[in-house]
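**Student:** Below: one structure in structure tokens.
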Amino acid sequence: MMAVSRTDTSTLGRWWWSVDRWTLGALLALIAIGYVMMLAASPAVAQRIGAASRHMFLERQVFYSTLAVIVMVGCSLLTPRWVLRFAMLGALGALALTALTLVAGTEIKGARRWLSLPGMSLQPSEFLKPCLAVVCAWLMAEGKRSRRFPGLILAFILIGIVAVLLKQQPDIGMLAVIVAVFLAQVFVSGINLMWVVAGAGGVAGLAVLAFMLHGHVRSRVQRFLDPEAGDNFQIRMSLEAFGNGGLFGRGPGEGRVKDALPDAHADFVFPVAAEEFGLIACLIILAIFAFVVIRGLVRLMHERDIFVALAATGLLVQFGLQAFINMGSSLHLIPTKGMTLPFVSYGGSSSIALAIGMGFLLALTRRRSARAEESQPFAQPVPT
């Protein structure tokens, strides 16, 4: 147990008594579950692709997850002012690298989303998500503070630039998440409800356009609506895993679906958990995600700084939406979308980007004194 006195005024002491330890504990629990799932799912995948070591993915996940914990705790030590500064730098860097993927990216399955680096591949758009949520929150907060500052317009322009880049890759799923997070922030900012309805209509129109223009989007929607319309092998195997697992699962290492699922360690790690550990374990995982999101939103109900409220809301919506997309795809509740289950699936870029986002969230939701709140340069009351 960590013993830190309330009278300890060191950086660590002040952090320990101001950070939301329940949320931190829930996030660490998800990372621990990720270790267990890599033990269960990754050896079969490594063997199937002929990797040099059956534990290649596990060893990498241990490295990425350890780095993620360090990054998350490090980001949680920041003040809101420094969260904004780091987010601005991160957004500029990630935006430039996302543009670079269009000319120097590695093409996988018809999409250019990754940059090849020694020993790993980097997906810059993953880092755009948390940084963009914070930057858009600041733009909207500044627009509320000063009517002369076109914060909302600038935020829309920024989202438009990102939309063009992601469409060119293409990565429609990532674009949908970023737009959904942005619209949630716009709604929370207190904009007129008619504009929210208009925005929702615009998103629906863009969804129809994506269906018409992108063959892979059309194929996924058609296969979702009509399972006989194409290859649904992964979904069939995923649903079979849920059926095999029952309430308590077949036992650690006893699952069979992971031997056939190409992405059993990544996008389809949830069915592996269902088969080996059962429905109860899946409900526990679901409950942890729900706990993080609901607890964060409840804490924000008492937040007086609109920048903090908007930024934290965006980060929470992003976290919860990504988890929903992964689990919903596995259960055939929505069309399939290759998106990791936060901190549970294998993934380097995803794990570190999520750690940055959750570190920002922990930093923004730390208990701050009245004096500290008054010193915030972007402090503005939350609209009621």
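By convention in this document, the chains of the structure tokens carry letters A, B, ... by their order, each chain's residues are numbered from 1, and ligands are numbered from 1 in the order they are shown.
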So which residues touch segment 90-92 of chain A within 7 Å, counting only C-alpha atoms, skipping near sequence neighbours fewer than 4 positions away, as JSON, numbers by chain?
**Tutor:** {"A": [86, 96, 128, 131, 132]}
**Student:** Since we have the selection now, will you write its residues out, keeping N, CA, C and O atoms, as a PDB file, in the first residue's frame?
**Tutor:**
ATOM      1  N   PHE A  86       0.568  20.684 -23.909  1.00  0.00           N
ATOM      2  CA  PHE A  86       0.973  19.409 -24.481  1.00  0.00           C
ATOM      3  C   PHE A  86       0.004  18.955 -25.567  1.00  0.00           C
ATOM      4  O   PHE A  86       0.413  18.383 -26.584  1.00  0.00           O
ATOM      5  N   ALA A  96       0.510  16.644 -38.625  1.00  0.00           N
ATOM      6  CA  ALA A  96       1.558  16.607 -39.654  1.00  0.00           C
ATOM      7  C   ALA A  96       1.892  15.169 -40.047  1.00  0.00           C
ATOM      8  O   ALA A  96       2.052  14.854 -41.234  1.00  0.00           O
ATOM      9  N   LEU A 128      -4.126  11.842 -32.512  1.00  0.00           N
ATOM     10  CA  LEU A 128      -4.962  13.002 -32.798  1.00  0.00           C
ATOM     11  C   LEU A 128      -6.177  13.043 -31.879  1.00  0.00           C
ATOM     12  O   LEU A 128      -6.613  14.121 -31.468  1.00  0.00           O
ATOM     13  N   CYS A 131      -5.627  14.617 -28.218  1.00  0.00           N
ATOM     14  CA  CYS A 131      -5.132  15.994 -28.327  1.00  0.00           C
ATOM     15  C   CYS A 131      -6.169  16.905 -28.958  1.00  0.00           C
ATOM     16  O   CYS A 131      -6.361  18.051 -28.536  1.00  0.00           O
ATOM     17  N   LEU A 132      -6.876  16.394 -29.961  1.00  0.00           N
ATOM     18  CA  LEU A 132      -7.899  17.186 -30.642  1.00  0.00           C
ATOM     19  C   LEU A 132      -9.058  17.501 -29.694  1.00  0.00           C
ATOM     20  O   LEU A 132      -9.616  18.608 -29.736  1.00  0.00           O
TER      21      LEU A 132
END
**Student:** Compile the contact shell of Ile33 of chain A as an MDAnalysis selection string: residues with an atom at most 12 Å away, counting only C-alpha atoms, same-chain residues fewer than 2 positions apart removed.
**Tutor:** chainID A and resid 26:31 35:40 61:62 65 269:270 273 277 281:282 284:286 288 341:346
**Student:** Excluding Gly314 of chain A and any residue of its chain fewer than 3 positions from it, enumerate the residues within 9 Å of it, using only C-alpha atoms, and give them as number ranges by chain.
**Tutor:** A: 130, 133-134, 137, 181-182, 184-185, 309-311, 317-319
**Student:** Could you check which of A:Leu361, A:Ala312, A:Ala260, A:Ala207 is closest to Cys75 of chain A, using only C-alpha atoms?
**Tutor:**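 Of A:Leu361, A:Ala312, A:Ala260, A:Ala207, the one nearest Cys75 of chain A, counting only C-alpha atoms, is A:Leu361.
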**Student:** Do you know which residues are at most 10 Å from Asp263 of chain A counting only C-alpha atoms, after dropping those on the same chain fewer than 2 positions away, and could you put them as a list of chain:residue names?
**Tutor:** A:Ala41, A:Ser42, A:Val45, A:Gln234, A:Lys258, A:Ala260, A:Leu261, A:His265, A:Ala266, A:Asp267, A:Phe268, A:Val269, A:Gly338, A:Ser345, A:Tyr346
**Student:** Can you spit out the residues from that selection as a PDB file, in the first residue's frame, using N, CA and C atoms?
**Tutor:**
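So the final result, stored in part_5.pdb, reads:
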ATOM      1  N   ALA A  41      -4.519 -15.130 -25.670  1.00  0.00           N
ATOM      2  CA  ALA A  41      -4.788 -15.044 -27.107  1.00  0.00           C
ATOM      3  C   ALA A  41      -3.557 -14.972 -27.998  1.00  0.00           C
ATOM      4  N   SER A  42      -2.477 -14.346 -27.530  1.00  0.00           N
ATOM      5  CA  SER A  42      -1.374 -14.043 -28.444  1.00  0.00           C
ATOM      6  C   SER A  42      -0.540 -15.243 -28.881  1.00  0.00           C
ATOM      7  N   VAL A  45      -1.924 -16.731 -32.101  1.00  0.00           N
ATOM      8  CA  VAL A  45      -1.762 -15.837 -33.241  1.00  0.00           C
ATOM      9  C   VAL A  45      -0.310 -15.831 -33.705  1.00  0.00           C
ATOM     10  N   GLN A 234     -15.134 -13.837 -39.445  1.00  0.00           N
ATOM     11  CA  GLN A 234     -14.720 -13.384 -38.115  1.00  0.00           C
ATOM     12  C   GLN A 234     -15.912 -13.202 -37.176  1.00  0.00           C
ATOM     13  N   LYS A 258      -9.670 -18.757 -30.851  1.00  0.00           N
ATOM     14  CA  LYS A 258      -8.477 -17.923 -31.062  1.00  0.00           C
ATOM     15  C   LYS A 258      -7.511 -18.549 -32.067  1.00  0.00           C
ATOM     16  N   ALA A 260      -8.365 -19.682 -34.863  1.00  0.00           N
ATOM     17  CA  ALA A 260      -8.839 -19.367 -36.210  1.00  0.00           C
ATOM     18  C   ALA A 260      -9.009 -17.877 -36.448  1.00  0.00           C
ATOM     19  N   LEU A 261      -9.297 -17.115 -35.393  1.00  0.00           N
ATOM     20  CA  LEU A 261      -9.521 -15.677 -35.562  1.00  0.00           C
ATOM     21  C   LEU A 261      -8.216 -14.950 -35.874  1.00  0.00           C
ATOM     22  N   HIS A 265      -5.983 -11.360 -30.873  1.00  0.00           N
ATOM     23  CA  HIS A 265      -5.228 -10.626 -29.856  1.00  0.00           C
ATOM     24  C   HIS A 265      -5.509  -9.122 -29.895  1.00  0.00           C
ATOM     25  N   ALA A 266      -6.220  -8.685 -30.940  1.00  0.00           N
ATOM     26  CA  ALA A 266      -6.411  -7.242 -31.132  1.00  0.00           C
ATOM     27  C   ALA A 266      -7.897  -6.889 -31.170  1.00  0.00           C
ATOM     28  N   ASP A 267      -8.437  -6.758 -32.381  1.00  0.00           N
ATOM     29  CA  ASP A 267      -9.818  -6.290 -32.508  1.00  0.00           C
ATOM     30  C   ASP A 267     -10.842  -7.284 -31.957  1.00  0.00           C
ATOM     31  N   PHE A 268     -10.485  -8.572 -31.901  1.00  0.00           N
ATOM     32  CA  PHE A 268     -11.441  -9.582 -31.443  1.00  0.00           C
ATOM     33  C   PHE A 268     -10.955 -10.274 -30.165  1.00  0.00           C
ATOM     34  N   VAL A 269     -10.363  -9.502 -29.279  1.00  0.00           N
ATOM     35  CA  VAL A 269      -9.923 -10.072 -28.006  1.00  0.00           C
ATOM     36  C   VAL A 269     -11.107 -10.319 -27.068  1.00  0.00           C
ATOM     37  N   GLY A 338     -12.458  -2.140 -37.307  1.00  0.00           N
ATOM     38  CA  GLY A 338     -11.210  -2.497 -36.648  1.00  0.00           C
ATOM     39  C   GLY A 338     -10.780  -1.445 -35.651  1.00  0.00           C
ATOM     40  N   SER A 345      -6.839  -4.839 -25.682  1.00  0.00           N
ATOM     41  CA  SER A 345      -6.324  -5.354 -26.947  1.00  0.00           C
ATOM     42  C   SER A 345      -4.833  -5.060 -27.090  1.00  0.00           C
ATOM     43  N   TYR A 346      -4.188  -5.827 -27.965  1.00  0.00           N
ATOM     44  CA  TYR A 346      -2.804  -5.558 -28.322  1.00  0.00           C
ATOM     45  C   TYR A 346      -2.745  -4.320 -29.195  1.00  0.00           C
TER      46      TYR A 346
END
**Student:** Within 12 Å of segment 154-163 of chain A, which residues of segment 198-275 of chain A come that close, and what is the closest atom pair and distance in Å for each? Count only C-alpha atoms and give it as a tab-separated table.
**Tutor:**
residue	atom	partner	partner_atom	distance
A:Gly199	CA	A:Phe156	CA	11.0
A:Val203	CA	A:Ala163	CA	11.8
A:Leu206	CA	A:Ala163	CA	10.8
A:Ala210	CA	A:Ala163	CA	12.0
**Student:** Save out the residues we just selected, C-alpha atoms, as a PDB file, in the first residue's frame.
**Tutor:**
ATOM      1  CA  GLY A 199     -25.172  18.781 -36.980  1.00  0.00           C
ATOM      2  CA  VAL A 203     -23.431  13.529 -39.878  1.00  0.00           C
ATOM      3  CA  LEU A 206     -21.935  12.146 -44.457  1.00  0.00           C
ATOM      4  CA  ALA A 210     -19.420   7.319 -47.138  1.00  0.00           C
TER       5      ALA A 210
END
**Student:** For Val221 of chain A, which of A:Leu115, A:Leu84, A:Ile334, A:Ile352 is the closest residue, counting only C-alpha atoms?
**Tutor:** A:Ile334
**Student:** Can you measure atom CA of Gly249 of chain A to atom CA of Phe57 of chain A for me? One decimal in Å is fine.
**Tutor:**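 Atom-to-atom, atom CA of Gly249 of chain A and atom CA of Phe57 of chain A are spaced 23.2 Å apart.
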